[in-house]
file coords.txt (compact mmCIF, C-alpha atoms)
# COMPACT_ATOMS: atom_id res chain seq x y z
CA MET J 1 -24.05 6.88 -13.94
CA SER J 2 -23.97 4.14 -16.55
CA ALA J 3 -23.15 5.47 -20.01
CA THR J 4 -25.02 2.51 -21.60
CA LEU J 5 -28.41 3.86 -20.53
CA PRO J 6 -30.41 5.76 -23.13
CA SER J 7 -30.32 9.52 -22.75
CA LEU J 8 -33.97 9.79 -21.66
CA ALA J 9 -33.45 7.04 -19.07
CA ARG J 10 -30.50 8.96 -17.59
CA TRP J 11 -32.63 12.10 -17.38
CA ARG J 12 -35.36 10.04 -15.71
CA LEU J 13 -32.86 8.94 -13.02
CA VAL J 14 -31.67 12.50 -12.50
CA LEU J 15 -35.18 13.99 -12.23
CA GLY J 16 -36.87 11.18 -10.29
CA GLU J 17 -40.28 9.53 -10.54
CA GLU J 18 -42.08 12.87 -10.93
CA SER J 19 -40.70 13.12 -14.47
CA GLU J 20 -41.94 9.72 -15.57
CA GLY J 21 -45.14 11.00 -17.18
CA ALA J 22 -43.35 13.69 -19.18
CA LEU J 23 -40.43 11.56 -20.34
CA ARG J 24 -42.46 8.41 -21.02
CA THR J 25 -39.44 6.13 -20.91
CA PRO J 26 -39.58 2.68 -19.28
CA LEU J 27 -36.70 1.65 -17.00
CA ASP J 28 -35.15 -1.80 -17.16
CA PRO J 29 -34.50 -3.72 -13.89
CA ASP J 30 -30.98 -2.29 -13.39
CA ALA J 31 -32.19 1.24 -14.04
CA LEU J 32 -35.03 0.71 -11.55
CA ALA J 33 -32.45 -0.46 -9.00
CA MET J 34 -30.37 2.66 -9.72
CA ASP J 35 -33.47 4.78 -9.16
CA ALA J 36 -34.10 3.07 -5.83
CA ALA J 37 -30.48 3.64 -4.72
CA LEU J 38 -30.59 7.30 -5.73
CA SER J 39 -33.97 7.77 -4.05
CA TRP J 40 -32.73 6.15 -0.84
CA LEU J 41 -30.11 8.89 -0.59
CA TYR J 42 -31.49 11.98 -2.28
CA GLY J 43 -35.11 11.37 -1.28
CA ARG J 44 -34.23 12.78 2.15
CA ASP J 45 -33.21 16.12 0.62
CA LYS J 46 -34.79 18.94 2.65
CA ALA J 47 -35.28 21.12 -0.44
CA LEU J 48 -37.52 18.45 -1.97
CA LEU J 49 -39.45 17.97 1.26
CA ASP J 50 -40.00 21.74 1.60
CA ARG J 51 -41.51 21.75 -1.89
CA ASP J 52 -43.75 18.80 -0.94
CA VAL J 53 -41.94 16.66 -3.50
CA LYS J 54 -40.91 13.20 -2.48
CA ARG J 55 -38.54 11.27 -4.69
CA THR J 56 -39.47 7.59 -4.72
CA GLY J 57 -37.87 4.67 -6.49
CA GLY J 58 -39.26 1.61 -8.16
CA LEU J 59 -37.96 -0.80 -5.54
CA GLY J 60 -39.04 1.26 -2.53
CA ALA J 61 -36.39 3.41 -0.89
CA SER J 62 -37.28 2.26 2.62
CA THR J 63 -36.28 -1.34 1.90
CA LEU J 64 -32.53 -0.64 1.78
CA SER J 65 -30.23 -0.68 4.80
CA VAL J 66 -26.88 1.13 4.64
CA PRO J 67 -24.89 -2.06 3.83
CA GLU J 68 -27.48 -3.04 1.19
CA TRP J 69 -27.35 0.44 -0.31
CA ILE J 70 -23.54 0.31 -0.54
CA GLN J 71 -23.80 -3.14 -2.15
CA GLU J 72 -26.23 -1.83 -4.77
CA VAL J 73 -24.21 1.31 -5.44
CA HIS J 74 -21.07 -0.74 -6.11
CA ARG J 75 -22.99 -3.13 -8.36
CA LEU J 76 -24.77 -0.50 -10.43
CA PHE J 77 -22.56 2.57 -10.82
CA PRO J 78 -19.07 3.41 -12.17
CA LYS J 79 -16.30 4.32 -9.73
CA GLU J 80 -16.61 8.11 -10.12
CA THR J 81 -20.33 7.98 -9.33
CA ILE J 82 -19.76 5.63 -6.39
CA GLU J 83 -17.33 8.08 -4.81
CA ARG J 84 -19.76 10.98 -5.26
CA LEU J 85 -22.68 9.04 -3.75
CA GLU J 86 -20.62 7.94 -0.75
CA GLN J 87 -19.33 11.47 -0.21
CA ASP J 88 -22.86 12.89 -0.35
CA ALA J 89 -24.08 10.25 2.12
CA VAL J 90 -21.48 11.31 4.68
CA GLU J 91 -20.99 15.00 3.98
CA ARG J 92 -24.45 16.11 2.89
CA TYR J 93 -26.76 13.78 4.79
CA GLN J 94 -24.53 12.86 7.78
CA ILE J 95 -25.06 9.10 7.38
CA HIS J 96 -22.13 8.20 9.61
CA GLU J 97 -22.93 4.49 9.41
CA VAL J 98 -21.01 4.61 6.13
CA VAL J 99 -17.81 4.80 8.18
CA THR J 100 -18.88 3.08 11.43
CA ASN J 101 -20.41 -0.11 10.03
CA PRO J 102 -17.79 -2.80 9.31
CA ALA J 103 -19.82 -4.31 6.46
CA VAL J 104 -19.88 -0.90 4.77
CA LEU J 105 -16.26 0.04 5.51
CA GLN J 106 -15.07 -3.07 3.71
CA ARG J 107 -16.69 -1.84 0.47
CA VAL J 108 -16.37 1.96 0.37
CA GLU J 109 -14.00 3.72 -2.04
CA PRO J 110 -11.29 5.47 0.03
CA ASN J 111 -11.25 9.25 -0.46
CA GLU J 112 -10.55 12.34 1.59
CA VAL J 113 -14.18 13.03 2.51
CA LEU J 114 -14.52 9.55 4.02
CA LEU J 115 -11.16 10.02 5.76
CA GLN J 116 -12.53 13.18 7.38
CA ALA J 117 -15.66 11.27 8.44
CA VAL J 118 -13.51 8.56 10.04
CA LEU J 119 -11.55 11.14 12.01
CA ARG J 120 -14.77 12.78 13.21
CA THR J 121 -16.37 9.52 14.34
CA LYS J 122 -13.44 7.31 15.39
CA HIS J 123 -14.36 7.76 19.05
CA LEU J 124 -17.62 5.88 18.30
CA MET J 125 -15.86 2.84 16.82
CA ASN J 126 -15.21 -0.49 18.47
CA PRO J 127 -11.78 -2.12 17.88
CA GLU J 128 -12.97 -4.14 14.86
CA VAL J 129 -14.37 -1.09 13.09
CA LEU J 130 -11.36 1.01 14.09
CA ALA J 131 -9.02 -1.51 12.43
CA LEU J 132 -10.99 -1.28 9.19
CA ALA J 133 -11.13 2.50 9.42
CA ARG J 134 -7.36 2.64 9.85
CA LYS J 135 -6.97 0.82 6.52
CA LEU J 136 -9.09 3.47 4.84
CA VAL J 137 -7.01 6.23 6.47
CA ALA J 138 -3.80 4.51 5.36
CA GLU J 139 -4.92 4.24 1.74
CA VAL J 140 -5.98 7.90 1.46
CA VAL J 141 -2.79 9.06 3.18
CA ARG J 142 -0.71 6.90 0.81
CA ARG J 143 -2.25 8.61 -2.20
CA LEU J 144 -1.73 12.08 -0.71
CA MET J 145 1.88 11.21 0.19
CA GLU J 146 2.69 10.01 -3.33
CA LYS J 147 1.43 13.21 -4.86
CA LEU J 148 3.06 15.59 -2.38
CA ALA J 149 6.39 13.71 -2.25
CA ARG J 150 6.89 14.40 -5.96
CA GLU J 151 6.22 18.12 -5.42
CA VAL J 152 8.55 18.26 -2.42
CA ARG J 153 11.37 16.55 -4.35
CA GLN J 154 10.92 19.03 -7.17
CA SER J 155 10.94 22.03 -4.82
CA PHE J 156 13.98 20.90 -2.84
CA GLY J 157 15.91 19.30 -5.69
CA GLY J 158 18.40 22.15 -6.08
CA ALA J 159 19.29 24.21 -9.13
CA LEU J 160 20.92 22.70 -12.21
CA ASP J 161 24.70 23.17 -12.43
CA ARG J 162 25.26 23.27 -16.21
CA ARG J 163 29.06 23.39 -15.78
CA ARG J 164 29.38 19.95 -14.19
CA PRO J 165 28.23 16.58 -15.59
CA SER J 166 26.72 13.96 -13.32
CA SER J 167 26.64 10.17 -13.32
CA LEU J 168 23.24 10.26 -11.54
CA LYS J 169 20.61 9.30 -14.13
CA ASN J 170 17.59 11.49 -13.55
CA ALA J 171 15.27 12.71 -16.32
CA ARG J 172 14.99 16.17 -14.71
CA ASN J 173 18.79 16.60 -15.05
CA LEU J 174 19.03 15.55 -18.72
CA ASP J 175 21.63 17.50 -20.74
CA VAL J 176 19.76 17.43 -24.04
CA ARG J 177 22.27 19.36 -26.18
CA ARG J 178 25.32 17.37 -25.14
CA THR J 179 23.41 14.10 -25.52
CA LEU J 180 22.37 15.01 -29.08
CA ARG J 181 25.86 16.21 -30.07
CA SER J 182 27.64 13.10 -28.80
CA ASN J 183 25.22 10.74 -30.54
CA LEU J 184 24.84 12.42 -33.95
CA LYS J 185 27.15 9.80 -35.49
CA HIS J 186 24.49 7.21 -34.68
CA TRP J 187 21.85 8.90 -36.84
CA SER J 188 20.19 6.44 -39.26
CA ALA J 189 18.99 8.28 -42.36
CA GLY J 190 17.13 5.24 -43.64
CA GLU J 191 15.19 4.70 -40.44
CA ARG J 192 15.11 8.44 -39.62
CA LYS J 193 16.07 7.62 -36.04
CA LEU J 194 18.80 8.74 -33.67
CA PHE J 195 20.21 5.90 -31.60
CA LEU J 196 21.52 6.98 -28.18
CA GLU J 197 24.56 5.10 -26.96
CA ARG J 198 25.44 7.58 -24.23
CA ILE J 199 23.15 9.94 -22.32
CA HIS J 200 24.52 12.93 -20.40
CA PHE J 201 23.15 14.57 -17.25
CA PHE J 202 23.78 17.79 -15.34
CA SER J 203 24.65 17.79 -11.65
CA ARG J 204 22.73 19.93 -9.17
CA ILE J 205 23.84 22.63 -6.76
CA ARG J 206 22.99 21.94 -3.16
CA ARG J 207 20.55 24.67 -2.15
CA PHE J 208 20.93 24.57 1.59
CA SER J 209 24.18 25.26 3.41
CA GLU J 210 22.79 25.75 6.92
CA ARG J 211 20.35 23.78 9.04
CA TRP J 212 16.83 25.22 9.13
CA GLN J 213 14.07 24.60 11.63
CA ILE J 214 10.40 24.35 10.64
CA VAL J 215 7.58 24.36 13.20
CA LEU J 216 4.14 23.45 11.91
CA LEU J 217 1.48 24.63 14.38
CA VAL J 218 -1.87 23.09 13.44
CA ASP J 219 -5.26 24.13 14.80
CA GLN J 220 -7.20 20.90 15.41
CA SER J 221 -10.65 22.48 15.65
CA GLY J 222 -13.29 20.70 13.58
CA SER J 223 -13.44 23.39 10.90
CA MET J 224 -9.73 22.87 10.14
CA LEU J 225 -9.93 19.09 9.59
CA SER J 226 -8.87 19.11 5.93
CA SER J 227 -5.88 21.29 6.83
CA VAL J 228 -4.98 18.91 9.69
CA ILE J 229 -4.84 16.01 7.23
CA HIS J 230 -2.66 17.86 4.75
CA SER J 231 -0.43 19.23 7.52
CA ALA J 232 0.27 15.68 8.72
CA VAL J 233 1.18 14.57 5.21
CA THR J 234 3.30 17.69 4.61
CA ALA J 235 5.23 17.16 7.86
CA ALA J 236 5.93 13.55 6.90
CA CYS J 237 7.33 14.64 3.53
CA LEU J 238 9.48 17.39 5.07
CA THR J 239 10.85 15.25 7.90
CA GLY J 240 14.24 13.87 7.06
CA LEU J 241 15.07 16.36 4.30
CA PRO J 242 18.79 17.26 4.41
CA GLY J 243 19.42 20.40 6.43
CA MET J 244 15.89 20.49 7.84
CA LYS J 245 14.54 19.91 11.34
CA THR J 246 10.74 19.65 11.31
CA HIS J 247 8.33 19.81 14.26
CA LEU J 248 4.61 19.08 14.12
CA VAL J 249 2.47 20.52 16.93
CA VAL J 250 -1.34 20.44 17.19
CA PHE J 251 -3.37 22.64 19.50
CA ASP J 252 -6.79 23.64 20.77
CA THR J 253 -6.73 25.11 24.27
CA GLU J 254 -3.85 22.71 24.94
CA VAL J 255 -0.68 22.12 22.94
CA VAL J 256 0.41 18.61 21.92
CA ASP J 257 3.77 17.97 20.28
CA LEU J 258 3.41 15.10 17.78
CA THR J 259 6.86 15.41 16.23
CA ASP J 260 7.73 11.85 17.27
CA HIS J 261 4.87 10.64 15.04
CA ALA J 262 5.58 12.96 12.11
CA THR J 263 7.01 10.14 9.98
CA ASP J 264 3.79 8.14 10.42
CA PRO J 265 0.87 10.38 9.38
CA VAL J 266 -1.65 7.55 9.77
CA GLU J 267 -0.79 7.07 13.43
CA LEU J 268 -0.67 10.83 13.89
CA LEU J 269 -4.15 11.37 12.44
CA MET J 270 -5.61 8.60 14.56
CA LYS J 271 -4.30 10.46 17.63
CA VAL J 272 -5.78 13.85 16.70
CA GLN J 273 -8.64 14.97 18.96
CA LEU J 274 -10.96 17.33 17.11
CA GLY J 275 -12.99 20.12 18.65
CA GLY J 276 -12.61 22.17 21.79
CA GLY J 277 -11.60 25.78 22.14
CA THR J 278 -8.63 27.53 20.55
CA ASP J 279 -5.64 29.23 22.19
CA ILE J 280 -3.41 30.24 19.31
CA ALA J 281 -1.18 32.45 21.46
CA LYS J 282 -0.25 29.49 23.68
CA ALA J 283 0.75 27.48 20.59
CA VAL J 284 2.91 30.34 19.28
CA ALA J 285 4.65 30.60 22.67
CA TYR J 286 5.38 26.86 22.54
CA ALA J 287 6.88 27.25 19.06
CA ALA J 288 9.09 30.11 20.24
CA ASP J 289 10.57 27.87 22.94
CA LEU J 290 11.47 25.20 20.34
CA LEU J 291 13.63 27.46 18.18
CA ASP J 292 17.39 26.93 18.28
CA VAL J 293 18.43 29.69 15.86
CA PRO J 294 15.49 32.08 15.33
CA ARG J 295 16.91 33.62 12.12
CA ARG J 296 16.99 30.21 10.46
CA SER J 297 13.52 29.21 11.59
CA LEU J 298 10.07 29.12 10.02
CA VAL J 299 6.91 29.03 12.14
CA ILE J 300 3.93 27.97 10.05
CA LEU J 301 0.61 28.57 11.79
CA VAL J 302 -2.30 26.64 10.24
CA THR J 303 -5.51 28.10 11.69
CA ASP J 304 -8.70 29.99 10.91
CA PHE J 305 -7.50 32.78 13.27
CA TYR J 306 -10.61 32.61 15.47
CA GLU J 307 -8.75 33.10 18.73
CA GLY J 308 -10.43 31.85 21.89
CA GLY J 309 -7.76 33.47 24.05
CA SER J 310 -6.35 36.99 23.87
CA PRO J 311 -5.95 38.34 20.31
CA GLY J 312 -3.67 41.08 21.63
CA LEU J 313 -1.36 38.52 23.26
CA LEU J 314 -1.23 36.53 20.01
CA VAL J 315 -0.27 39.63 18.01
CA ARG J 316 2.47 40.52 20.51
CA ARG J 317 3.93 37.00 20.41
CA VAL J 318 3.95 36.90 16.62
CA ARG J 319 5.60 40.33 16.53
CA GLY J 320 8.23 39.03 18.97
CA LEU J 321 9.04 36.13 16.66
CA VAL J 322 9.35 38.43 13.66
CA GLU J 323 11.55 40.91 15.52
CA GLN J 324 14.02 38.15 16.43
CA GLY J 325 14.31 37.21 12.75
CA THR J 326 11.91 34.26 12.52
CA THR J 327 9.70 33.99 9.45
CA VAL J 328 6.05 33.48 10.41
CA LEU J 329 3.48 32.21 7.91
CA GLY J 330 -0.21 32.04 8.80
CA LEU J 331 -2.24 29.64 6.65
CA ALA J 332 -6.01 29.95 6.72
CA ALA J 333 -6.21 26.78 4.65
CA LEU J 334 -3.76 24.04 3.69
CA ASP J 335 -5.42 21.62 1.29
CA ASP J 336 -5.92 20.97 -2.40
CA GLU J 337 -8.71 23.55 -2.63
CA ALA J 338 -6.94 26.36 -0.69
CA ARG J 339 -10.29 28.02 0.02
CA PRO J 340 -9.93 29.92 3.29
CA SER J 341 -12.59 30.85 5.79
CA TYR J 342 -11.04 32.87 8.59
CA ASP J 343 -11.11 35.90 10.89
CA LYS J 344 -9.87 38.55 8.46
CA GLU J 345 -9.47 41.26 11.10
CA LEU J 346 -7.10 39.22 13.27
CA ALA J 347 -5.24 38.04 10.18
CA ARG J 348 -4.79 41.70 9.16
CA ARG J 349 -3.32 42.53 12.57
CA LEU J 350 -0.85 39.63 12.27
CA VAL J 351 0.25 40.89 8.85
CA GLU J 352 0.87 44.31 10.41
CA ALA J 353 2.98 42.53 13.04
CA GLY J 354 5.17 41.09 10.25
CA ALA J 355 3.60 37.71 9.51
CA HIS J 356 2.71 36.48 6.03
CA VAL J 357 -0.91 35.29 5.76
CA GLY J 358 -2.63 33.37 3.00
CA ALA J 359 -3.91 29.99 1.86
CA MET J 360 -1.88 27.37 0.00
CA THR J 361 -1.95 23.88 -1.37
CA PRO J 362 0.65 21.56 0.20
CA GLY J 363 2.74 21.74 -2.98
CA GLN J 364 2.73 25.54 -2.88
CA LEU J 365 3.79 25.42 0.77
CA ALA J 366 6.73 23.15 -0.09
CA THR J 367 7.84 25.58 -2.81
CA TRP J 368 7.48 28.53 -0.42
CA ILE J 369 9.59 26.81 2.25
CA ALA J 370 12.27 25.90 -0.29
CA GLU J 371 12.48 29.51 -1.43
CA LYS J 372 12.83 30.79 2.15
CA VAL J 373 15.63 28.41 3.12
CA ARG J 374 17.52 28.61 -0.18
CA ARG J 375 21.03 29.90 0.17

call {"tool": "encode", "arguments": {"input": "coords.txt", "output": "structure tokens"}}
result
Amino acid sequence: MSATLPSLARWRLVLGEESEGALRTPLDPDALAMDAALSWLYGRDKALLDRDVKRTGGLGASTLSVPEWIQEVHRLFPKETIERLEQDAVERYQIHEVVTNPAVLQRVEPNEVLLQAVLRTKHLMNPEVLALARKLVAEVVRRLMEKLAREVRQSFGGALDRRRPSSLKNARNLDVRRTLRSNLKHWSAGERKLFLERIHFFSRIRRFSERWQIVLLVDQSGSMLSSVIHSAVTAACLTGLPGMKTHLVVFDTEVVDLTDHATDPVELLMKVQLGGGTDIAKAVAYAADLLDVPRRSLVILVTDFYEGGSPGLLVRRVRGLVEQGTTVLGLAALDDEARPSYDKELARRLVEAGAHVGAMTPGQLATWIAEKVRR
């Protein structure tokens, strides 16, 4: 919300027209337009309707269409507020036109909530809208990739070898002591500065001596959508790492191997079909058939553990993987929030069978994998 508005005017926008008599503060034309935009969205709040309170704006909330509302929001509010309003429109009030109307898609601020809305509604889109939606997906994925790629490089970078210098110039490998010692003769007492003519770096020890296999099994039920997105990005960052062979498999009651698309998370996400039942045991069996050397394999199961098939069969198959030396990790959530909602009883049984179960951010998962495959 604009910081240039007087404090009472900002409170008036937050509280709505009902507060006008108490606050006694007039709104200028832009503030009235803000009130109309806020009322268009939040005036449909069920809590207000249940209390027989209707939020109304100075320009009449009913006069705005979705494209007009987006236009006003982008004209009137700062970026952070725009993103929150658009997220609330989709997530809280289910106004899917925000991601199915081409005039709106051209203006919205890309973020993960809108990406999720695109993936939920892409089957409703005509080719023109789908092309615009793909651009939104690509932008959000690009941002997620940039962030995670840094964390993956850090996790898999290897340990410093302080005995050997390196000609590779990387700030993380800086040999501070040797650099200072070799440049002390360039100290300027008058300027109180040390001029560096030569900078020294450590080399790194290669962490992985044997090829490891990683199988990401991802539940594509609607409740796991955020984890699906982050799994796709994680697989893309892991694919191609030295000494690693990464598979990406999604499942509901069927199992679909998307490994061929793992390097292109945008294309992968546009192929995901959300919903349907869940047969986790079938997915685990598929993973078992992929493994070349079980003792150098990680099976990472991303699911809420609500099994539509046989829980007993799932437990037996996980136990079989563990007994042959495979490390099994069950993730009830894989996203930046790492807030799981899952079947705790089935998760407990899988832990008893030898699996590790938890919730992680993608960066934490990368660190965990690096620790498991380290020599």

call {"tool": "closest_residue", "arguments": {"input": "coords.txt", "among": "J:Leu334, J:Leu184, J:Leu38, J:Leu194", "to": "His230 of chain J", "atoms": "all atoms listed in the file"}}
result
J:Leu334

call {"tool": "closest_residue", "arguments": {"input": "coords.txt", "among": "J:Leu105, J:Ala117, J:Ile82, J:Ala370", "to": "Leu132 of chain J", "atoms": "all atoms listed in the file"}}
result
J:Leu105

call {"tool": "axis_aligned_box", "arguments": {"input": "coords.txt", "around": "segment 80-90 of chain J", "padding_each_side": "4 Å", "output": "JSON"}}
result
{"center_x": -20.3, "center_y": 9.3, "center_z": -2.7, "size_x": 15.5, "size_y": 15.3, "size_z": 22.8}

call {"tool": "closest_residue", "arguments": {"input": "coords.txt", "among": "J:Thr246, J:Val152, J:Asp257, J:Pro311", "to": "Thr278 of chain J", "atoms": "all atoms listed in the file"}}
result
J:Pro311

call {"tool": "atom_distance", "arguments": {"input": "coords.txt", "atom1": "atom CA of Leu269 of chain J", "atom2": "atom CA of Val228 of chain J"}}
result
8.1 Å

call {"tool": "residues_around", "arguments": {"input": "coords.txt", "residues": "segment 213-215 of chain J", "least_positions_apart": "4", "cutoff": "6 Å", "atoms": "only C-alpha atoms", "output": "PDB file with C-alpha atoms, in the frame of the given file"}}
result
ATOM      1  CA  MET J 244      15.890  20.490   7.840  1.00  0.00           C
ATOM      2  CA  LYS J 245      14.540  19.910  11.340  1.00  0.00           C
ATOM      3  CA  THR J 246      10.740  19.650  11.310  1.00  0.00           C
ATOM      4  CA  HIS J 247       8.330  19.810  14.260  1.00  0.00           C
ATOM      5  CA  SER J 297      13.520  29.210  11.590  1.00  0.00           C
ATOM      6  CA  LEU J 298      10.070  29.120  10.020  1.00  0.00           C
ATOM      7  CA  VAL J 299       6.910  29.030  12.140  1.00  0.00           C
TER       8      VAL J 299
END

call {"tool": "atom_distance", "arguments": {"input": "coords.txt", "atom1": "atom CA of His96 of chain J", "atom2": "atom CA of Lys271 of chain J"}}
result
19.7 Å

call {"tool": "closest_residue", "arguments": {"input": "coords.txt", "among": "J:Ile95, J:Ala332, J:Ala138, J:Met125", "to": "Pro110 of chain J", "atoms": "all atoms listed in the file"}}
result
J:Ala138

call {"tool": "residues_around", "arguments": {"input": "coords.txt", "residues": "Ala37 of chain J", "least_positions_apart": "6", "cutoff": "7 Å", "atoms": "all atoms listed in the file", "output": "number ranges by chain"}}
result
J: 69, 72-73
